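Everything below belongs to structure11.cif, which stores mmCIF, C-alpha atoms and all ligand atoms.
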data_final
loop_
_atom_site.label_atom_id
_atom_site.label_comp_id
_atom_site.auth_asym_id
_atom_site.auth_seq_id
_atom_site.Cartn_x
_atom_site.Cartn_y
_atom_site.Cartn_z
CA MET E 1 -11.27 -16.63 17.83
CA GLY E 2 -10.04 -17.86 14.47
CA TYR E 3 -6.96 -16.30 12.90
CA LYS E 4 -8.96 -15.09 9.94
CA ARG E 5 -11.40 -13.19 12.15
CA ALA E 6 -8.54 -11.83 14.27
CA LYS E 7 -6.71 -10.69 11.13
CA ASN E 8 -9.81 -8.85 9.90
CA LEU E 9 -10.38 -7.22 13.28
CA ARG E 10 -6.79 -5.97 13.36
CA PHE E 11 -7.23 -4.46 9.91
CA TYR E 12 -10.42 -2.72 11.01
CA ASP E 13 -8.74 -1.49 14.17
CA ALA E 14 -5.74 -0.17 12.18
CA ILE E 15 -8.04 2.10 10.21
CA ASN E 16 -10.22 3.08 13.17
CA LEU E 17 -13.22 1.06 12.06
CA LYS E 18 -14.61 0.14 15.47
CA HIS E 19 -16.97 -2.73 16.19
CA GLY E 20 -20.57 -1.55 16.00
CA LYS E 21 -20.06 0.87 13.13
CA LYS E 22 -22.35 0.16 10.22
CA VAL E 23 -20.67 -1.51 7.25
CA ILE E 24 -21.93 -2.37 3.79
CA HIS E 25 -20.23 -5.36 2.17
CA PHE E 26 -20.65 -5.29 -1.59
CA ARG E 27 -20.25 -9.03 -2.05
CA PRO E 28 -22.55 -12.03 -2.38
CA PRO E 29 -24.50 -12.45 0.90
CA PRO E 30 -23.27 -15.40 3.01
CA SER E 31 -26.49 -17.42 2.66
CA LEU E 32 -26.37 -16.99 -1.12
CA GLN E 33 -22.73 -18.11 -1.16
CA GLN E 34 -23.79 -21.20 0.76
CA GLY E 35 -26.43 -21.84 -1.89
CA ARG E 36 -29.36 -21.53 0.51
CA ASN E 37 -31.22 -18.78 -1.33
CA ASN E 38 -30.92 -15.98 -3.87
CA LEU E 39 -30.86 -13.04 -1.52
CA VAL E 40 -29.57 -9.73 -2.86
CA TYR E 41 -29.55 -8.08 0.58
CA GLU E 42 -28.76 -9.74 3.90
CA TYR E 43 -28.30 -7.95 7.22
CA PHE E 44 -26.51 -9.14 10.35
CA GLU E 45 -27.37 -7.27 13.51
CA PHE E 46 -24.45 -8.57 15.63
CA ASN E 47 -21.90 -6.66 13.58
CA ARG E 48 -24.31 -4.25 11.88
CA SER E 49 -23.24 -5.47 8.46
CA LEU E 50 -25.42 -5.25 5.39
CA TYR E 51 -24.41 -7.49 2.50
CA ILE E 52 -25.36 -6.31 -0.96
CA SER E 53 -24.79 -8.78 -3.79
CA ASN E 54 -22.40 -7.57 -6.49
CA LEU E 55 -23.17 -10.38 -8.92
CA GLU E 56 -25.54 -8.24 -10.99
CA LEU E 57 -24.59 -4.60 -11.47
CA SER E 58 -26.70 -2.99 -14.18
CA ASP E 59 -27.47 0.73 -13.90
CA GLU E 60 -30.96 -0.01 -12.50
CA ILE E 61 -29.54 -2.37 -9.89
CA ILE E 62 -26.78 0.06 -8.88
CA GLU E 63 -29.46 2.75 -8.48
CA LYS E 64 -31.37 0.49 -6.06
CA HIS E 65 -28.19 -0.37 -4.16
CA LEU E 66 -27.40 3.32 -3.74
CA GLN E 67 -30.89 4.00 -2.39
CA LYS E 68 -30.29 1.20 0.07
CA LEU E 69 -26.92 2.72 0.97
CA ASN E 70 -28.48 6.14 1.57
CA GLU E 71 -31.14 4.61 3.85
CA PHE E 72 -28.62 2.48 5.76
CA LYS E 73 -26.05 5.29 6.16
CA PRO E 74 -22.95 3.14 6.59
CA TYR E 75 -19.77 4.32 8.25
CA ALA E 76 -17.75 2.10 5.92
CA ILE E 77 -18.14 0.23 2.67
CA LEU E 78 -16.19 -2.82 1.63
CA GLY E 79 -15.84 -4.54 -1.72
CA THR E 80 -13.66 -5.62 -4.60
CA PRO E 81 -12.10 -2.69 -6.48
CA SER E 82 -13.92 -3.60 -9.71
CA THR E 83 -17.30 -3.51 -7.94
CA LEU E 84 -16.64 -0.23 -6.15
CA TYR E 85 -15.25 1.25 -9.37
CA LEU E 86 -18.45 0.40 -11.29
CA ILE E 87 -20.63 1.91 -8.58
CA SER E 88 -18.38 4.98 -8.33
CA GLN E 89 -18.51 5.58 -12.07
CA TYR E 90 -22.30 5.48 -11.90
CA ILE E 91 -22.33 7.99 -9.04
CA LEU E 92 -20.05 10.42 -10.87
CA ARG E 93 -21.81 10.00 -14.20
CA ASN E 94 -25.21 10.76 -12.71
CA ASN E 95 -24.15 13.27 -10.06
CA ILE E 96 -25.78 11.23 -7.33
CA ASP E 97 -25.77 12.45 -3.75
CA VAL E 98 -24.45 9.62 -1.63
CA HIS E 99 -24.31 9.37 2.11
CA PRO E 100 -20.80 10.45 3.18
CA VAL E 101 -18.96 7.23 3.90
CA LYS E 102 -15.93 7.60 6.16
CA VAL E 103 -13.86 4.62 5.05
CA THR E 104 -13.64 2.39 2.00
CA LEU E 105 -12.03 -1.03 2.19
CA CYS E 106 -10.85 -2.82 -0.93
CA THR E 107 -10.26 -6.56 -0.81
CA SER E 108 -9.84 -9.67 -2.97
CA GLU E 109 -8.52 -8.02 -6.13
CA THR E 110 -5.67 -5.75 -7.15
CA LEU E 111 -6.58 -2.11 -6.65
CA TYR E 112 -5.34 -0.20 -9.67
CA PRO E 113 -4.46 3.50 -9.31
CA TYR E 114 -7.17 4.58 -11.79
CA GLN E 115 -9.78 2.74 -9.70
CA ARG E 116 -8.53 4.31 -6.48
CA LYS E 117 -8.95 7.77 -7.95
CA VAL E 118 -12.50 7.23 -9.21
CA ILE E 119 -13.63 5.57 -5.96
CA GLU E 120 -12.10 8.42 -3.95
CA ASP E 121 -13.84 11.00 -6.15
CA ALA E 122 -17.23 9.29 -5.81
CA PHE E 123 -17.22 8.61 -2.08
CA GLY E 124 -14.83 11.34 -1.01
CA CYS E 125 -13.14 9.19 1.60
CA ASP E 126 -9.94 7.39 2.37
CA ILE E 127 -9.37 3.98 0.78
CA PHE E 128 -7.59 1.12 2.47
CA GLU E 129 -6.46 -2.08 0.88
CA GLU E 130 -6.15 -5.62 2.12
CA TRP E 131 -4.36 -8.54 0.51
CA GLY E 132 -4.69 -12.22 1.23
CA GLN E 133 -5.86 -15.53 -0.16
CA GLY E 134 -8.00 -18.46 0.96
CA GLU E 135 -4.96 -20.64 1.58
CA MET E 136 -3.76 -18.19 4.27
CA VAL E 137 -0.08 -18.26 3.37
CA GLY E 138 0.37 -14.51 3.40
CA SER E 139 -1.64 -11.47 4.23
CA ALA E 140 -1.24 -7.69 4.38
CA PHE E 141 -3.35 -4.73 5.46
CA GLU E 142 -3.11 -0.98 5.09
CA CYS E 143 -3.02 1.03 8.32
CA LYS E 144 -4.51 4.49 8.68
CA ASN E 145 -1.13 6.03 7.79
CA HIS E 146 -1.30 4.04 4.54
CA GLY E 147 1.55 1.71 5.42
CA PHE E 148 0.88 -1.68 3.82
CA HIS E 149 1.85 -4.10 6.61
CA LEU E 150 2.40 -7.83 6.32
CA SER E 151 0.53 -9.93 8.89
CA GLU E 152 3.70 -11.81 9.64
CA GLU E 153 2.26 -14.26 12.15
CA ILE E 154 -0.13 -15.61 9.47
CA GLY E 155 2.61 -16.62 7.07
CA LEU E 156 6.15 -16.02 5.92
CA VAL E 157 6.11 -14.10 2.65
CA GLU E 158 9.05 -14.06 0.23
CA PHE E 159 9.47 -11.98 -2.94
CA LEU E 160 11.56 -13.94 -5.43
CA LYS E 161 13.17 -13.54 -8.80
CA ASP E 162 15.00 -16.57 -10.22
CA ASN E 163 14.58 -18.17 -6.80
CA GLU E 164 16.51 -15.36 -5.04
CA ASP E 165 15.09 -12.69 -2.75
CA VAL E 166 14.65 -9.38 -4.55
CA ALA E 167 15.86 -6.16 -2.93
CA ALA E 168 13.45 -3.64 -1.42
CA GLY E 169 11.78 -1.66 -4.20
CA GLU E 170 12.13 -4.47 -6.74
CA GLU E 171 9.37 -6.64 -8.10
CA GLY E 172 9.30 -10.31 -7.20
CA GLU E 173 6.94 -13.26 -7.40
CA ILE E 174 5.34 -14.01 -4.06
CA VAL E 175 5.68 -17.36 -2.34
CA GLY E 176 4.23 -17.88 1.10
CA THR E 177 4.60 -20.38 3.91
CA THR E 178 1.62 -20.67 6.19
CA LEU E 179 2.20 -20.54 9.93
CA ILE E 180 -1.39 -21.25 10.90
CA ASN E 181 -2.93 -23.71 8.44
CA LYS E 182 -2.33 -26.98 10.29
CA SER E 183 -4.49 -29.19 8.10
CA MET E 184 -2.65 -28.13 4.92
CA PRO E 185 0.89 -27.02 5.79
CA LEU E 186 1.74 -25.18 2.59
CA ILE E 187 5.45 -24.45 2.33
CA ARG E 188 6.86 -21.89 -0.09
CA TYR E 189 3.56 -21.95 -1.92
CA TYR E 190 3.32 -20.04 -5.20
CA VAL E 191 0.52 -17.56 -4.60
CA GLY E 192 0.28 -16.28 -8.16
CA ASP E 193 0.75 -12.65 -7.17
CA ALA E 194 3.71 -10.36 -7.70
CA GLY E 195 4.74 -7.67 -5.24
CA ILE E 196 7.35 -5.14 -4.24
CA PRO E 197 8.83 -5.42 -0.72
CA SER E 198 9.82 -2.31 1.19
CA ASP E 199 12.38 -1.62 3.90
CA ASP E 200 10.62 1.55 5.06
CA VAL E 201 9.33 1.91 8.59
CA CYS E 202 5.73 3.04 9.05
CA SER E 203 4.97 6.17 11.06
CA CYS E 204 2.14 4.31 12.85
CA GLY E 205 4.72 2.51 14.99
CA ARG E 206 3.82 -1.05 14.01
CA GLY E 207 6.83 -3.29 13.68
CA LEU E 208 5.28 -5.45 10.96
CA SER E 209 7.25 -5.27 7.68
CA LEU E 210 5.91 -3.16 4.86
CA VAL E 211 5.07 -4.00 1.30
CA ASP E 212 5.37 -1.26 -1.26
CA ARG E 213 2.71 -2.72 -3.51
CA ILE E 214 0.99 -5.95 -4.40
CA LEU E 215 0.91 -6.06 -8.18
CA GLY E 216 -1.75 -8.64 -8.58
CA LYS E 217 -2.07 -11.95 -10.22
CA THR E 218 0.79 -12.93 -12.47
CA ARG E 219 -1.82 -14.91 -14.40
CA GLU E 220 -3.45 -11.59 -15.22
CA ASN E 221 -0.67 -11.03 -17.74
CA ILE E 222 -0.96 -11.04 -21.50
CA VAL E 223 1.60 -13.51 -22.82
CA THR E 224 3.01 -13.23 -26.34
CA LYS E 225 4.40 -15.90 -28.65
CA SER E 226 7.93 -14.58 -28.05
CA GLY E 227 7.42 -15.15 -24.32
CA LYS E 228 6.88 -11.55 -23.32
CA LYS E 229 4.57 -11.08 -20.32
CA ILE E 230 2.69 -7.82 -20.12
CA PRO E 231 0.98 -7.11 -16.79
CA GLY E 232 -2.72 -6.32 -16.97
CA GLU E 233 -2.02 -3.07 -15.19
CA SER E 234 -0.20 -1.74 -18.29
CA PHE E 235 -3.52 -1.54 -20.10
CA THR E 236 -5.52 0.15 -17.39
CA TRP E 237 -4.43 3.71 -18.16
CA ILE E 238 -5.70 3.34 -21.74
CA VAL E 239 -9.16 2.37 -20.57
CA MET E 240 -9.14 5.08 -17.93
CA GLU E 241 -8.91 7.70 -20.67
CA GLN E 242 -11.91 6.42 -22.64
CA ASP E 243 -15.11 8.17 -21.66
CA TRP E 244 -17.16 5.88 -23.95
CA ILE E 245 -16.32 2.74 -21.98
CA LYS E 246 -18.41 1.75 -19.01
CA GLU E 247 -16.73 -1.54 -18.26
CA SER E 248 -14.08 -3.59 -19.96
CA GLN E 249 -11.99 -6.71 -19.77
CA ILE E 250 -9.13 -8.02 -21.86
CA PHE E 251 -9.47 -11.70 -22.65
CA GLN E 252 -6.66 -13.74 -24.20
CA PRO E 253 -8.07 -17.08 -25.40
CA SER E 254 -4.87 -18.15 -27.18
CA VAL E 255 -1.31 -16.98 -27.62
CA ASN E 256 -1.96 -14.88 -30.73
CA LYS E 257 -5.38 -13.51 -29.91
CA CYS E 258 -6.73 -10.80 -27.60
CA ILE E 259 -10.34 -9.74 -27.30
CA ILE E 260 -11.20 -6.44 -25.64
CA LYS E 261 -14.66 -6.91 -24.18
CA ILE E 262 -16.43 -3.60 -23.79
CA VAL E 263 -19.68 -2.47 -22.23
CA PRO E 264 -20.06 0.83 -24.09
CA LEU E 265 -21.61 4.03 -22.87
CA GLY E 266 -23.86 5.36 -25.63
CA ASN E 267 -22.92 5.19 -29.31
CA VAL E 268 -19.58 3.87 -30.39
CA GLU E 269 -17.47 5.59 -33.01
CA LYS E 270 -15.38 3.31 -35.18
CA GLU E 271 -12.49 5.74 -34.95
CA LYS E 272 -12.40 5.48 -31.16
CA GLU E 273 -12.49 1.70 -31.38
CA ASN E 274 -9.61 1.65 -33.89
CA ASN E 275 -7.67 4.04 -31.71
CA LEU E 276 -8.12 1.79 -28.69
CA ILE E 277 -6.95 -1.28 -30.63
CA ARG E 278 -3.91 0.70 -31.80
CA GLN E 279 -3.01 1.68 -28.24
CA VAL E 280 -3.34 -1.89 -26.97
CA LYS E 281 -1.23 -3.09 -29.90
CA ASN E 282 1.45 -0.52 -29.04
CA ILE E 283 1.73 -1.86 -25.52
CA ILE E 284 1.85 -5.50 -26.61
CA GLY E 285 4.48 -4.62 -29.20
CA LYS E 286 3.93 -3.97 -32.89
CA LYS E 287 6.19 -6.84 -33.90
CA GLU E 288 4.32 -9.36 -31.79
CA GLU E 289 1.96 -11.68 -33.63
CA MET E 290 -1.31 -10.78 -31.94
CA GLU E 291 -4.76 -10.34 -33.39
CA ILE E 292 -6.65 -7.75 -31.35
CA SER E 293 -10.38 -7.31 -31.65
CA VAL E 294 -13.19 -5.57 -29.81
CA GLU E 295 -16.34 -7.35 -28.72
CA TYR E 296 -19.29 -5.37 -27.40
CA VAL E 297 -21.08 -7.05 -24.56
CA GLU E 298 -24.00 -6.21 -22.28
CA LYS E 299 -22.01 -6.94 -19.18
CA ILE E 300 -18.80 -8.40 -17.85
CA TYR E 301 -19.71 -11.56 -16.02
CA PRO E 302 -18.18 -11.85 -12.55
CA THR E 303 -16.76 -15.03 -11.12
CA GLN E 304 -18.89 -16.83 -8.53
CA ALA E 305 -17.03 -14.94 -5.80
CA GLY E 306 -18.03 -11.66 -7.46
CA LYS E 307 -14.60 -10.84 -8.92
CA ARG E 308 -14.11 -9.12 -12.24
CA PRO E 309 -10.42 -9.37 -13.17
CA PHE E 310 -9.28 -6.79 -15.72
CA VAL E 311 -7.23 -9.30 -17.70
CA ILE E 312 -7.92 -12.99 -18.13
CA SER E 313 -5.41 -15.06 -20.04
CA LYS E 314 -5.90 -18.71 -20.89
CA VAL E 315 -2.29 -18.98 -22.04
CA LYS E 316 0.10 -20.93 -19.82
CA GLN E 317 2.39 -18.43 -18.11
ZN ZN Z 1 1.44 1.63 9.64
#
Could you write out this file's structure as structure tokens?
Amino acid sequence: MGYKRAKNLRFYDAINLKHGKKVIHFRPPPSLQQGRNNLVYEYFEFNRSLYISNLELSDEIIEKHLQKLNEFKPYAILGTPSTLYLISQYILRNNIDVHPVKVTLCTSETLYPYQRKVIEDAFGCDIFEEWGQGEMVGSAFECKNHGFHLSEEIGLVEFLKDNEDVAAGEEGEIVGTTLINKSMPLIRYYVGDAGIPSDDVCSCGRGLSLVDRILGKTRENIVTKSGKKIPGESFTWIVMEQDWIKESQIFQPSVNKCIIKIVPLGNVEKEKENNLIRQVKNIIGKKEEMEISVEYVEKIYPTQAGKRPFVISKVKQ
């Protein structure tokens, strides 16, 4: 068995998701990813997994997906936080009865606290997070006691600041050294994520080290002319409070420009828009030279892998 498969199975086992339980994967179906067709739904009997594409998520499409979910009655659902957040918002907004899912797994993107809350409210179940990357230099999974364990046999993970290890509880940039990728032996590879190591011991009894949090892509920072880096997460609480926003993304095309892309819910009031710009400006810093504007869009386009990062900056970090 490949390491990747073994790593996934250990994660599933750690949260009591046994083989044979029905799972919905909200991600592009494998045959679509391989470019063989345009399937929206693809089912695999051997592991009772139903793939539902998350590349298009309009209200009508989410409605169909939820009907499919209610027919399939999964034990678990799996997806990127941004996808599950969109679906959860729709459920809560429309008071939809959904089949009670036992476990939700979030992968491939940073799970922000505001997303966790909405997903929990919509599906009423525990959420577990996984962290990793295609290069396989570091990986972590949440156990059922919510300890975030490093898969230490996959790779050696270091949390650095100015090339020194940070102490437990402090934020550092993550570099990883793969222990399994023989064709590409990446050594102290800059992953692009930041994280906070922990020296706690988990009550589940696993000896694998714990991570306090993975803070997400450092390239998901807004960078100012004066060199200040503001993590995308700083803006999430503002958006969380806006009931007129269905979906949003902050895009920084150049060092003095930020565009807040918004998929609105209903009519937009200019005052709310101005207020939002003011709040974003406050976080960036009033003295910083930054033009902030709002652009209304029909949807936020996902990447080919179905990811919808909250902040995208084209400025070199
Ligand atoms: Zn644990």
For this session: Return as a list in words every polymer residue, whether protein, DNA or RNA, with at least one atom no more than 7 Å from an atom of ligand ZN 1 (chain Z); count only C-alpha atoms and all ligand atoms.
Result: Glu142, Cys143, Lys144, Asn145, His146, Gly147, Phe148, His149, Cys202, Ser203, Cys204, Gly205 and Arg206 of chain E
Please produce a file of those selected residues containing C-alpha atoms, as a tab-separated table (two decimals), keeping the file's coordinate frame.
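Generated file (result_30.tsv):
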chain	number	residue	atom	x	y	z
E	142	GLU	CA	-3.11	-0.98	5.09
E	143	CYS	CA	-3.02	1.03	8.32
E	144	LYS	CA	-4.51	4.49	8.68
E	145	ASN	CA	-1.13	6.03	7.79
E	146	HIS	CA	-1.30	4.04	4.54
E	147	GLY	CA	1.55	1.71	5.42
E	148	PHE	CA	0.88	-1.68	3.82
E	149	HIS	CA	1.85	-4.10	6.61
E	202	CYS	CA	5.73	3.04	9.05
E	203	SER	CA	4.97	6.17	11.06
E	204	CYS	CA	2.14	4.31	12.85
E	205	GLY	CA	4.72	2.51	14.99
E	206	ARG	CA	3.82	-1.05	14.01
Exercise. Which value, in Å to one decimal, gives the distance between CA of His25 in chain E and CA of Ser49 in chain E?
Worked result: 7.0 Å
Seminar exercise, completed: A straight line from CA of Ser139 in chain E to CA of Leu156 in chain E spans 9.2 Å
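Distances here use only C-alpha atoms; by that measure, the residue among E:Leu32, E:Met290, E:Ala122, E:Val255 closest to Leu92 in chain E is E:Ala122.
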Exercise. For Ile238 in chain E, which of E:Thr83, E:Tyr114, E:Thr303, E:Val311 is the closest residue, counting only C-alpha atoms?
Worked result: E:Tyr114
